[in-house]
Each structure stands twice: as structure tokens, then as C-alpha cells.
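Q: Contents of coords38.cif (mmCIF, N, CA and C atoms) are given next:
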```
data_my_file
loop_
_atom_site.label_atom_id
_atom_site.label_comp_id
_atom_site.auth_asym_id
_atom_site.auth_seq_id
_atom_site.Cartn_x
_atom_site.Cartn_y
_atom_site.Cartn_z
N MET A 1 -13.17 2.97 10.31
CA MET A 1 -12.28 2.81 9.17
C MET A 1 -12.98 2.09 8.02
N ALA A 2 -14.26 2.17 8.00
CA ALA A 2 -15.02 1.46 6.96
C ALA A 2 -14.64 1.93 5.56
N ASN A 3 -14.37 0.97 4.72
CA ASN A 3 -14.13 1.20 3.30
C ASN A 3 -12.83 1.91 2.96
N LEU A 4 -11.96 2.15 3.92
CA LEU A 4 -10.67 2.74 3.59
C LEU A 4 -9.85 1.71 2.82
N ILE A 5 -8.96 2.21 1.96
CA ILE A 5 -8.11 1.36 1.15
C ILE A 5 -6.68 1.89 1.23
N ILE A 6 -5.75 1.04 1.58
CA ILE A 6 -4.34 1.42 1.59
C ILE A 6 -3.77 1.20 0.20
N ALA A 7 -3.15 2.22 -0.34
CA ALA A 7 -2.54 2.14 -1.67
C ALA A 7 -1.05 1.83 -1.54
N ASP A 8 -0.59 0.90 -2.34
CA ASP A 8 0.83 0.57 -2.41
C ASP A 8 1.53 1.60 -3.29
N THR A 9 2.82 1.67 -3.18
CA THR A 9 3.61 2.65 -3.92
C THR A 9 3.40 2.55 -5.43
N ASP A 10 3.32 1.33 -5.95
CA ASP A 10 3.21 1.17 -7.41
C ASP A 10 1.94 1.82 -7.97
N VAL A 11 0.83 1.73 -7.25
CA VAL A 11 -0.40 2.33 -7.76
C VAL A 11 -0.40 3.85 -7.60
N ILE A 12 0.31 4.35 -6.60
CA ILE A 12 0.45 5.80 -6.45
C ILE A 12 1.31 6.36 -7.59
N ILE A 13 2.36 5.66 -7.95
CA ILE A 13 3.18 6.08 -9.09
C ILE A 13 2.33 6.11 -10.36
N ASP A 14 1.50 5.11 -10.56
CA ASP A 14 0.59 5.11 -11.72
C ASP A 14 -0.35 6.30 -11.68
N PHE A 15 -0.80 6.67 -10.50
CA PHE A 15 -1.66 7.85 -10.35
C PHE A 15 -0.89 9.11 -10.76
N PHE A 16 0.33 9.25 -10.26
CA PHE A 16 1.14 10.43 -10.58
C PHE A 16 1.46 10.52 -12.07
N THR A 17 1.60 9.38 -12.72
CA THR A 17 1.95 9.37 -14.15
C THR A 17 0.73 9.21 -15.06
N ASP A 18 -0.45 9.25 -14.46
CA ASP A 18 -1.72 9.16 -15.20
C ASP A 18 -1.78 7.89 -16.05
N THR A 19 -1.40 6.77 -15.43
CA THR A 19 -1.43 5.48 -16.10
C THR A 19 -2.76 4.78 -15.80
N VAL A 20 -3.63 4.74 -16.80
CA VAL A 20 -4.94 4.13 -16.63
C VAL A 20 -4.83 2.62 -16.80
N PRO A 21 -5.69 1.84 -16.16
CA PRO A 21 -6.87 2.22 -15.40
C PRO A 21 -6.61 2.52 -13.94
N VAL A 22 -5.39 2.25 -13.46
CA VAL A 22 -5.09 2.44 -12.04
C VAL A 22 -5.26 3.90 -11.62
N SER A 23 -4.80 4.83 -12.43
CA SER A 23 -4.91 6.25 -12.06
C SER A 23 -6.36 6.67 -11.89
N ASP A 24 -7.24 6.17 -12.75
CA ASP A 24 -8.66 6.49 -12.63
C ASP A 24 -9.24 5.93 -11.33
N GLU A 25 -8.82 4.72 -10.98
CA GLU A 25 -9.33 4.09 -9.76
C GLU A 25 -8.84 4.83 -8.52
N ILE A 26 -7.58 5.23 -8.51
CA ILE A 26 -7.04 6.00 -7.38
C ILE A 26 -7.79 7.32 -7.24
N LEU A 27 -8.03 8.00 -8.36
CA LEU A 27 -8.77 9.26 -8.30
C LEU A 27 -10.16 9.04 -7.70
N LYS A 28 -10.82 7.98 -8.12
CA LYS A 28 -12.15 7.65 -7.59
C LYS A 28 -12.07 7.45 -6.07
N ILE A 29 -11.08 6.69 -5.62
CA ILE A 29 -10.92 6.40 -4.19
C ILE A 29 -10.61 7.69 -3.42
N ILE A 30 -9.80 8.57 -4.01
CA ILE A 30 -9.50 9.86 -3.37
C ILE A 30 -10.77 10.68 -3.23
N LEU A 31 -11.54 10.77 -4.30
CA LEU A 31 -12.76 11.57 -4.28
C LEU A 31 -13.77 11.02 -3.27
N GLU A 32 -13.74 9.72 -3.05
CA GLU A 32 -14.62 9.09 -2.05
C GLU A 32 -14.05 9.20 -0.64
N LYS A 33 -12.87 9.82 -0.51
CA LYS A 33 -12.17 9.99 0.77
C LYS A 33 -11.89 8.65 1.45
N ARG A 34 -11.46 7.67 0.64
CA ARG A 34 -11.18 6.33 1.14
C ARG A 34 -9.69 5.97 1.06
N LEU A 35 -8.90 6.80 0.38
CA LEU A 35 -7.49 6.48 0.17
C LEU A 35 -6.67 6.74 1.42
N CYS A 36 -5.78 5.81 1.73
CA CYS A 36 -4.79 6.03 2.78
C CYS A 36 -3.49 5.33 2.37
N LEU A 37 -2.44 5.64 3.09
CA LEU A 37 -1.10 5.12 2.79
C LEU A 37 -0.49 4.56 4.06
N THR A 38 0.63 3.87 3.89
CA THR A 38 1.43 3.46 5.05
C THR A 38 2.66 4.38 5.11
N SER A 39 3.26 4.44 6.29
CA SER A 39 4.48 5.22 6.44
C SER A 39 5.58 4.65 5.54
N MET A 40 5.55 3.35 5.26
CA MET A 40 6.54 2.75 4.37
C MET A 40 6.37 3.27 2.94
N THR A 41 5.14 3.44 2.50
CA THR A 41 4.90 4.00 1.17
C THR A 41 5.37 5.45 1.11
N VAL A 42 5.17 6.20 2.18
CA VAL A 42 5.69 7.57 2.23
C VAL A 42 7.20 7.54 2.03
N TYR A 43 7.89 6.64 2.73
CA TYR A 43 9.33 6.48 2.56
C TYR A 43 9.69 6.18 1.11
N GLU A 44 8.99 5.20 0.53
CA GLU A 44 9.30 4.81 -0.85
C GLU A 44 9.04 5.94 -1.83
N LEU A 45 8.00 6.71 -1.62
CA LEU A 45 7.71 7.84 -2.52
C LEU A 45 8.79 8.91 -2.44
N TYR A 46 9.24 9.22 -1.23
CA TYR A 46 10.31 10.21 -1.10
C TYR A 46 11.64 9.66 -1.60
N ALA A 47 11.90 8.38 -1.39
CA ALA A 47 13.18 7.79 -1.80
C ALA A 47 13.36 7.82 -3.31
N GLY A 48 12.29 7.77 -4.04
CA GLY A 48 12.41 7.74 -5.49
C GLY A 48 12.08 9.06 -6.16
N VAL A 49 11.86 10.11 -5.38
CA VAL A 49 11.40 11.38 -5.95
C VAL A 49 12.51 12.08 -6.73
N ILE A 50 12.14 12.50 -7.95
CA ILE A 50 13.05 13.27 -8.78
C ILE A 50 12.25 14.44 -9.34
N GLY A 51 12.73 15.64 -9.07
CA GLY A 51 12.09 16.82 -9.62
C GLY A 51 11.06 17.45 -8.70
N LYS A 52 10.90 18.75 -8.87
CA LYS A 52 10.00 19.53 -8.02
C LYS A 52 8.54 19.14 -8.23
N LYS A 53 8.15 18.84 -9.46
CA LYS A 53 6.76 18.47 -9.72
C LYS A 53 6.39 17.22 -8.94
N ARG A 54 7.24 16.20 -9.00
CA ARG A 54 6.94 14.95 -8.28
C ARG A 54 6.95 15.18 -6.77
N LEU A 55 7.91 15.97 -6.28
CA LEU A 55 7.96 16.28 -4.85
C LEU A 55 6.66 16.95 -4.41
N ASN A 56 6.17 17.89 -5.21
CA ASN A 56 4.90 18.55 -4.89
C ASN A 56 3.74 17.56 -4.88
N GLN A 57 3.73 16.62 -5.84
CA GLN A 57 2.68 15.59 -5.87
C GLN A 57 2.71 14.75 -4.60
N VAL A 58 3.90 14.32 -4.21
CA VAL A 58 4.05 13.50 -3.01
C VAL A 58 3.58 14.26 -1.78
N GLU A 59 4.05 15.49 -1.63
CA GLU A 59 3.71 16.27 -0.45
C GLU A 59 2.22 16.61 -0.39
N THR A 60 1.62 16.91 -1.52
CA THR A 60 0.18 17.18 -1.55
C THR A 60 -0.60 15.94 -1.13
N LEU A 61 -0.21 14.79 -1.66
CA LEU A 61 -0.92 13.56 -1.33
C LEU A 61 -0.78 13.19 0.14
N ILE A 62 0.44 13.20 0.65
CA ILE A 62 0.63 12.71 2.02
C ILE A 62 0.05 13.64 3.08
N THR A 63 -0.19 14.89 2.72
CA THR A 63 -0.82 15.80 3.67
C THR A 63 -2.35 15.77 3.58
N SER A 64 -2.88 14.99 2.64
CA SER A 64 -4.33 14.99 2.46
C SER A 64 -4.99 13.63 2.71
N VAL A 65 -4.20 12.61 3.05
CA VAL A 65 -4.78 11.29 3.31
C VAL A 65 -4.25 10.75 4.64
N PRO A 66 -5.01 9.84 5.27
CA PRO A 66 -4.49 9.21 6.50
C PRO A 66 -3.26 8.35 6.19
N ILE A 67 -2.32 8.37 7.12
CA ILE A 67 -1.10 7.57 7.00
C ILE A 67 -1.06 6.60 8.18
N PHE A 68 -0.96 5.31 7.89
CA PHE A 68 -0.87 4.29 8.92
C PHE A 68 0.60 3.93 9.12
N SER A 69 1.05 3.94 10.39
CA SER A 69 2.45 3.74 10.72
C SER A 69 2.73 2.34 11.26
N LEU A 70 4.01 2.04 11.35
CA LEU A 70 4.48 0.79 11.92
C LEU A 70 4.58 0.94 13.42
N GLY A 71 3.63 0.35 14.12
CA GLY A 71 3.66 0.31 15.57
C GLY A 71 4.00 -1.09 16.03
N ILE A 72 3.84 -1.34 17.31
CA ILE A 72 4.20 -2.64 17.88
C ILE A 72 3.36 -3.77 17.28
N THR A 73 2.05 -3.58 17.20
CA THR A 73 1.17 -4.62 16.65
C THR A 73 1.50 -4.89 15.20
N GLU A 74 1.67 -3.82 14.43
CA GLU A 74 1.99 -3.95 13.01
C GLU A 74 3.33 -4.66 12.81
N ALA A 75 4.31 -4.30 13.65
CA ALA A 75 5.64 -4.93 13.56
C ALA A 75 5.57 -6.41 13.92
N ALA A 76 4.79 -6.76 14.92
CA ALA A 76 4.65 -8.17 15.32
C ALA A 76 4.02 -8.98 14.19
N ILE A 77 2.98 -8.43 13.58
CA ILE A 77 2.33 -9.12 12.46
C ILE A 77 3.31 -9.26 11.29
N ALA A 78 4.04 -8.21 11.00
CA ALA A 78 5.03 -8.26 9.91
C ALA A 78 6.09 -9.32 10.20
N GLY A 79 6.54 -9.40 11.43
CA GLY A 79 7.52 -10.42 11.81
C GLY A 79 6.98 -11.83 11.60
N LYS A 80 5.71 -12.02 11.93
CA LYS A 80 5.08 -13.34 11.73
C LYS A 80 4.94 -13.66 10.23
N ILE A 81 4.65 -12.63 9.43
CA ILE A 81 4.58 -12.82 7.98
C ILE A 81 5.94 -13.24 7.45
N TYR A 82 6.98 -12.56 7.90
CA TYR A 82 8.35 -12.91 7.49
C TYR A 82 8.65 -14.37 7.80
N THR A 83 8.37 -14.78 9.04
CA THR A 83 8.64 -16.15 9.47
C THR A 83 7.86 -17.15 8.62
N TYR A 84 6.60 -16.86 8.35
CA TYR A 84 5.75 -17.72 7.53
C TYR A 84 6.31 -17.87 6.12
N LEU A 85 6.63 -16.73 5.49
CA LEU A 85 7.14 -16.76 4.11
C LEU A 85 8.51 -17.44 4.03
N LYS A 86 9.36 -17.17 5.02
CA LYS A 86 10.69 -17.79 5.03
C LYS A 86 10.57 -19.31 5.15
N ALA A 87 9.65 -19.78 6.00
CA ALA A 87 9.45 -21.22 6.17
C ALA A 87 8.96 -21.87 4.87
N LYS A 88 8.22 -21.12 4.08
CA LYS A 88 7.71 -21.63 2.80
C LYS A 88 8.75 -21.47 1.69
N GLY A 89 9.86 -20.78 1.98
CA GLY A 89 10.87 -20.52 0.96
C GLY A 89 10.42 -19.50 -0.06
N LYS A 90 9.54 -18.58 0.35
CA LYS A 90 8.97 -17.60 -0.59
C LYS A 90 9.07 -16.18 -0.04
N LEU A 91 10.22 -15.83 0.49
CA LEU A 91 10.39 -14.49 1.05
C LEU A 91 10.20 -13.41 -0.01
N ILE A 92 9.60 -12.30 0.43
CA ILE A 92 9.48 -11.10 -0.39
C ILE A 92 10.22 -9.99 0.33
N GLY A 93 10.27 -8.80 -0.25
CA GLY A 93 11.01 -7.70 0.36
C GLY A 93 10.48 -7.28 1.71
N HIS A 94 11.38 -6.83 2.57
CA HIS A 94 11.01 -6.38 3.91
C HIS A 94 9.96 -5.26 3.87
N ARG A 95 10.11 -4.33 2.94
CA ARG A 95 9.15 -3.22 2.88
C ARG A 95 7.76 -3.73 2.56
N ASP A 96 7.65 -4.69 1.65
CA ASP A 96 6.34 -5.26 1.33
C ASP A 96 5.76 -6.00 2.53
N ILE A 97 6.60 -6.69 3.27
CA ILE A 97 6.14 -7.40 4.47
C ILE A 97 5.62 -6.40 5.50
N ILE A 98 6.31 -5.30 5.67
CA ILE A 98 5.88 -4.27 6.62
C ILE A 98 4.55 -3.65 6.17
N ILE A 99 4.43 -3.35 4.89
CA ILE A 99 3.17 -2.81 4.37
C ILE A 99 2.03 -3.79 4.65
N ALA A 100 2.26 -5.07 4.39
CA ALA A 100 1.24 -6.09 4.65
C ALA A 100 0.88 -6.15 6.13
N GLY A 101 1.88 -6.08 6.99
CA GLY A 101 1.64 -6.09 8.44
C GLY A 101 0.78 -4.92 8.88
N ILE A 102 1.03 -3.75 8.32
CA ILE A 102 0.23 -2.57 8.65
C ILE A 102 -1.21 -2.76 8.17
N CYS A 103 -1.38 -3.27 6.96
CA CYS A 103 -2.73 -3.51 6.43
C CYS A 103 -3.51 -4.49 7.30
N ILE A 104 -2.89 -5.62 7.61
CA ILE A 104 -3.56 -6.66 8.40
C ILE A 104 -3.91 -6.14 9.79
N ALA A 105 -2.96 -5.46 10.44
CA ALA A 105 -3.20 -4.95 11.79
C ALA A 105 -4.38 -3.99 11.84
N ASN A 106 -4.58 -3.26 10.77
CA ASN A 106 -5.64 -2.26 10.73
C ASN A 106 -6.90 -2.74 10.00
N GLY A 107 -6.88 -3.99 9.55
CA GLY A 107 -8.05 -4.56 8.90
C GLY A 107 -8.41 -3.88 7.59
N LEU A 108 -7.38 -3.44 6.84
CA LEU A 108 -7.63 -2.71 5.60
C LEU A 108 -7.05 -3.45 4.40
N PRO A 109 -7.73 -3.37 3.26
CA PRO A 109 -7.21 -4.00 2.04
C PRO A 109 -6.07 -3.19 1.44
N LEU A 110 -5.25 -3.86 0.67
CA LEU A 110 -4.14 -3.22 -0.03
C LEU A 110 -4.44 -3.17 -1.52
N PHE A 111 -4.34 -1.98 -2.10
CA PHE A 111 -4.47 -1.80 -3.54
C PHE A 111 -3.06 -1.79 -4.11
N THR A 112 -2.72 -2.83 -4.84
CA THR A 112 -1.38 -2.99 -5.40
C THR A 112 -1.48 -3.68 -6.75
N LYS A 113 -0.45 -3.49 -7.57
CA LYS A 113 -0.35 -4.26 -8.81
C LYS A 113 0.53 -5.48 -8.60
N ASN A 114 1.21 -5.54 -7.47
CA ASN A 114 2.16 -6.62 -7.18
C ASN A 114 1.43 -7.80 -6.53
N MET A 115 0.49 -8.36 -7.26
CA MET A 115 -0.32 -9.45 -6.72
C MET A 115 0.51 -10.71 -6.47
N THR A 116 1.53 -10.95 -7.27
CA THR A 116 2.33 -12.16 -7.12
C THR A 116 2.91 -12.27 -5.71
N HIS A 117 3.51 -11.20 -5.22
CA HIS A 117 4.09 -11.21 -3.87
C HIS A 117 3.01 -11.22 -2.80
N PHE A 118 2.08 -10.31 -2.91
CA PHE A 118 1.13 -10.12 -1.82
C PHE A 118 0.10 -11.25 -1.69
N ARG A 119 -0.16 -11.98 -2.75
CA ARG A 119 -1.10 -13.12 -2.66
C ARG A 119 -0.55 -14.24 -1.77
N MET A 120 0.73 -14.24 -1.52
CA MET A 120 1.33 -15.28 -0.68
C MET A 120 1.05 -15.06 0.80
N ILE A 121 0.44 -13.94 1.15
CA ILE A 121 0.16 -13.61 2.55
C ILE A 121 -1.31 -13.88 2.81
N PRO A 122 -1.62 -14.99 3.48
CA PRO A 122 -3.00 -15.46 3.59
C PRO A 122 -4.00 -14.47 4.20
N GLN A 123 -3.64 -13.73 5.20
CA GLN A 123 -4.60 -12.86 5.89
C GLN A 123 -4.77 -11.49 5.22
N LEU A 124 -4.02 -11.23 4.18
CA LEU A 124 -4.05 -9.91 3.54
C LEU A 124 -5.17 -9.84 2.50
N ASP A 125 -6.04 -8.85 2.64
CA ASP A 125 -7.07 -8.61 1.64
C ASP A 125 -6.50 -7.70 0.57
N LEU A 126 -6.71 -8.08 -0.68
CA LEU A 126 -6.19 -7.31 -1.80
C LEU A 126 -7.33 -6.66 -2.56
N TYR A 127 -7.08 -5.45 -3.02
CA TYR A 127 -8.05 -4.66 -3.78
C TYR A 127 -7.52 -4.53 -5.20
N SER A 128 -8.41 -4.65 -6.17
CA SER A 128 -7.98 -4.51 -7.55
C SER A 128 -8.86 -3.49 -8.26
N VAL A 129 -8.46 -3.09 -9.44
CA VAL A 129 -9.19 -2.10 -10.21
C VAL A 129 -10.64 -2.54 -10.45
N SER A 130 -10.83 -3.83 -10.56
CA SER A 130 -12.18 -4.34 -10.80
C SER A 130 -13.02 -4.35 -9.53
N ASN A 131 -12.45 -3.82 -8.43
CA ASN A 131 -13.13 -3.73 -7.13
C ASN A 131 -13.41 -5.09 -6.50
N GLU A 132 -12.73 -6.11 -6.97
CA GLU A 132 -12.93 -7.43 -6.41
C GLU A 132 -11.78 -7.75 -5.45
N ASN A 133 -12.12 -7.96 -4.21
CA ASN A 133 -11.08 -8.37 -3.25
C ASN A 133 -10.78 -9.84 -3.44
N ARG A 134 -9.58 -10.23 -3.04
CA ARG A 134 -9.12 -11.60 -3.16
C ARG A 134 -10.09 -12.52 -2.45
#
```
Written as C-alpha cells, how would this file's structure read?

A:
Amino acid sequence: MANLIIADTDVIIDFFTDTVPVSDEILKIILEKRLCLTSMTVYELYAGVIGKKRLNQVETLITSVPIFSLGITEAAIAGKIYTYLKAKGKLIGHRDIIIAGICIANGLPLFTKNMTHFRMIPQLDLYSVSNENR
């Protein structure tokens, strides 16, 4: 799994809407065959889909990249993240916690624009457009 990068929903939306610089970075990662998603991001992409063009974009993407799912290990890590954040009084959304759990369990960085939430999770490696991990 060397060099794979899990993309969060927000950066995939930027890719679909050609919002630079994120869209350029996602294209680069796709061309390098390093892009992957979580099953939670697949859910979020379908949940917000409007129109045939966007549906085609979602379906093309999810059939061409690896998808990491929520298994027992991922769920346990996500549960620990929830407990940690709740104890600190800094809870974030359940879907973001699950995405983080999947990333940590698989040892993969997350490419997201939502740094404020995800930086609160100590073991999570974050990827940015500048290619600098946290």
C-alpha cells in the first residue's frame, strides 16, 4: 500500500467541480494510481449526488480506485477516536471519525481540506496540496 492516499469527500467534490489547486492534485494522484477512498466517502458522494453527470462521475471514480471499508479493526479505532475526542470536549462528526479510523487502521494519509477537525486526531497523517504531511 505504499504511497496510497485516501481522499476525503470535500477534495473529491473539488475534483468534480474542477476547483484548483485541489482538482489538479487529485488528478495527479489518480494518474499516479495512488488515489483511494473509504466506503464512507462513497456513501457521502452518493448521498449528495444531483444529476446524471455527477452520478456518472461518482460511478466512474468508485469503480476505478481501491475502496477501504469499515471492518472490525477500523471500527475499534474509530470508537477509540470518538472516546478520545469526547473526553477532550472536541467531538467531530461520526462520519469523519469513521474515515479517520479507516485511514489509521490501514496506515494511509487522508487528503482533506477539513484540517481543523482532522488535526485533532493525533495518529492521523494528513496530506495537503503542498505534499507536506502533518

Q: So what do you get for atom CA of Ile6 of chain A versus atom CA of Ile99 of chain A, distance-wise?

A: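 About the pair atom CA of Ile6 of chain A and atom CA of Ile99 of chain A: they are 9.1 Å apart.
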
Q: Based on DSSP run over this structure's backbone, return all residues of chain A in helix (DSSP H, G or I), as number ranges by chain.

A: A: 9-16, 22-31, 39-47, 52-62, 72-88, 94-106, 115-118

Q: Interatomic distance between atom C of Leu110 of chain A and atom N of Leu55 of chain A?

A: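 Distance between the two atoms: 23.3 Å.
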
Q: Expressed in Å to a single decimal, how great is the separation between atom CA of Leu45 of chain A and atom C of Tyr84 of chain A?

A: 27.2 Å

Q: Determine the nearest neighbour of Leu91 of chain A from the options A:Cys36, A:Ile72, A:His117, A:Ile67, counting all atoms listed in the file.

A: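 Ranked by minimum distance to Leu91 of chain A, first place goes to A:His117.
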
Q: Please write the residues picked by the PyMOL selection byres ((chain A and resi 3) around 8) on this file as a PDB file with N, CA and C atoms, in the coordinates of the input.

A:
```pdb
ATOM      1  N   MET A   1     -13.170   2.970  10.310  1.00  0.00           N
ATOM      2  CA  MET A   1     -12.280   2.810   9.170  1.00  0.00           C
ATOM      3  C   MET A   1     -12.980   2.090   8.020  1.00  0.00           C
ATOM      4  N   ALA A   2     -14.260   2.170   8.000  1.00  0.00           N
ATOM      5  CA  ALA A   2     -15.020   1.460   6.960  1.00  0.00           C
ATOM      6  C   ALA A   2     -14.640   1.930   5.560  1.00  0.00           C
ATOM      7  N   LEU A   4     -11.960   2.150   3.920  1.00  0.00           N
ATOM      8  CA  LEU A   4     -10.670   2.740   3.590  1.00  0.00           C
ATOM      9  C   LEU A   4      -9.850   1.710   2.820  1.00  0.00           C
ATOM     10  N   ILE A   5      -8.960   2.210   1.960  1.00  0.00           N
ATOM     11  CA  ILE A   5      -8.110   1.360   1.150  1.00  0.00           C
ATOM     12  C   ILE A   5      -6.680   1.890   1.230  1.00  0.00           C
ATOM     13  N   ILE A   6      -5.750   1.040   1.580  1.00  0.00           N
ATOM     14  CA  ILE A   6      -4.340   1.420   1.590  1.00  0.00           C
ATOM     15  C   ILE A   6      -3.770   1.200   0.200  1.00  0.00           C
ATOM     16  N   LYS A  33     -12.870   9.820  -0.510  1.00  0.00           N
ATOM     17  CA  LYS A  33     -12.170   9.990   0.770  1.00  0.00           C
ATOM     18  C   LYS A  33     -11.890   8.650   1.450  1.00  0.00           C
ATOM     19  N   ARG A  34     -11.460   7.670   0.640  1.00  0.00           N
ATOM     20  CA  ARG A  34     -11.180   6.330   1.140  1.00  0.00           C
ATOM     21  C   ARG A  34      -9.690   5.970   1.060  1.00  0.00           C
ATOM     22  N   LEU A  35      -8.900   6.800   0.380  1.00  0.00           N
ATOM     23  CA  LEU A  35      -7.490   6.480   0.170  1.00  0.00           C
ATOM     24  C   LEU A  35      -6.670   6.740   1.420  1.00  0.00           C
ATOM     25  N   LEU A 108      -7.380  -3.440   6.840  1.00  0.00           N
ATOM     26  CA  LEU A 108      -7.630  -2.710   5.600  1.00  0.00           C
ATOM     27  C   LEU A 108      -7.050  -3.450   4.400  1.00  0.00           C
ATOM     28  N   PRO A 109      -7.730  -3.370   3.260  1.00  0.00           N
ATOM     29  CA  PRO A 109      -7.210  -4.000   2.040  1.00  0.00           C
ATOM     30  C   PRO A 109      -6.070  -3.190   1.440  1.00  0.00           C
TER      31      PRO A 109
END
```

Q: Which residue gives the smallest distance to Ile102 of chain A among A:Ser128, A:Thr116, A:Thr60, A:Thr73, with only N, CA and C atoms counted?

A: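 Selected residue with least distance to Ile102 of chain A: A:Thr73.
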
Q: Let me know the residues the PyMOL selection byres ((chain A and resi 9-26) around 6.5) catches in the file above, as a PyMOL selection string.

A: chain A and resi 7-8+27-31+41+45+111-113+129

Q: For those residues, write N, CA and C atoms to a file as a short mmCIF file (atom, residue, chain, number, x, y, z; two decimals), in the frame of the given file.

A:
```
data_model
loop_
_atom_site.label_atom_id
_atom_site.label_comp_id
_atom_site.auth_asym_id
_atom_site.auth_seq_id
_atom_site.Cartn_x
_atom_site.Cartn_y
_atom_site.Cartn_z
N ALA A 7 -3.15 2.22 -0.34
CA ALA A 7 -2.54 2.14 -1.67
C ALA A 7 -1.05 1.83 -1.54
N ASP A 8 -0.59 0.90 -2.34
CA ASP A 8 0.83 0.57 -2.41
C ASP A 8 1.53 1.60 -3.29
N LEU A 27 -8.03 8.00 -8.36
CA LEU A 27 -8.77 9.26 -8.30
C LEU A 27 -10.16 9.04 -7.70
N LYS A 28 -10.82 7.98 -8.12
CA LYS A 28 -12.15 7.65 -7.59
C LYS A 28 -12.07 7.45 -6.07
N ILE A 29 -11.08 6.69 -5.62
CA ILE A 29 -10.92 6.40 -4.19
C ILE A 29 -10.61 7.69 -3.42
N ILE A 30 -9.80 8.57 -4.01
CA ILE A 30 -9.50 9.86 -3.37
C ILE A 30 -10.77 10.68 -3.23
N LEU A 31 -11.54 10.77 -4.30
CA LEU A 31 -12.76 11.57 -4.28
C LEU A 31 -13.77 11.02 -3.27
N THR A 41 5.14 3.44 2.50
CA THR A 41 4.90 4.00 1.17
C THR A 41 5.37 5.45 1.11
N LEU A 45 8.00 6.71 -1.62
CA LEU A 45 7.71 7.84 -2.52
C LEU A 45 8.79 8.91 -2.44
N PHE A 111 -4.34 -1.98 -2.10
CA PHE A 111 -4.47 -1.80 -3.54
C PHE A 111 -3.06 -1.79 -4.11
N THR A 112 -2.72 -2.83 -4.84
CA THR A 112 -1.38 -2.99 -5.40
C THR A 112 -1.48 -3.68 -6.75
N LYS A 113 -0.45 -3.49 -7.57
CA LYS A 113 -0.35 -4.26 -8.81
C LYS A 113 0.53 -5.48 -8.60
N VAL A 129 -8.46 -3.09 -9.44
CA VAL A 129 -9.19 -2.10 -10.21
C VAL A 129 -10.64 -2.54 -10.45
#
```

Q: From a backbone DSSP assignment, name each residue in chain A labelled strand (DSSP E or B), as a list in words.

A: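 Listing strand (DSSP E or B) positions across chain A yields Ile5, Ile6, Ala7, Leu35, Cys36, Leu37, Thr38, Ile67, Phe68, Leu110, Phe111, Leu126 and Tyr127 of chain A.
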
Q: Which one is closest to Leu61 of chain A: A:Ile92, A:Lys80, A:Gly107, A:Leu37? Count only C-alpha atoms.

A: A:Leu37

Q: Which residues match the PyMOL selection byres (((chain A and resi 68 and name CA) around 6) and name CA) in the file above, as a compact mmCIF listing (two decimals) with N, CA and C atoms, in the frame of the given file?

A:
```txt
# COMPACT_ATOMS: atom_id res chain seq x y z
N THR A 38 0.63 3.87 3.89
CA THR A 38 1.43 3.46 5.05
C THR A 38 2.66 4.38 5.11
N SER A 39 3.26 4.44 6.29
CA SER A 39 4.48 5.22 6.44
C SER A 39 5.58 4.65 5.54
N ILE A 67 -2.32 8.37 7.12
CA ILE A 67 -1.10 7.57 7.00
C ILE A 67 -1.06 6.60 8.18
N SER A 69 1.05 3.94 10.39
CA SER A 69 2.45 3.74 10.72
C SER A 69 2.73 2.34 11.26
```

Q: Using only C-alpha atoms, find the one residue out of A:Ala100, A:Ile62, A:Val49, A:Val42 that sits nearest to Gly79 of chain A.

A: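 Of A:Ala100, A:Ile62, A:Val49, A:Val42, the one nearest Gly79 of chain A is A:Ala100, counting only C-alpha atoms.
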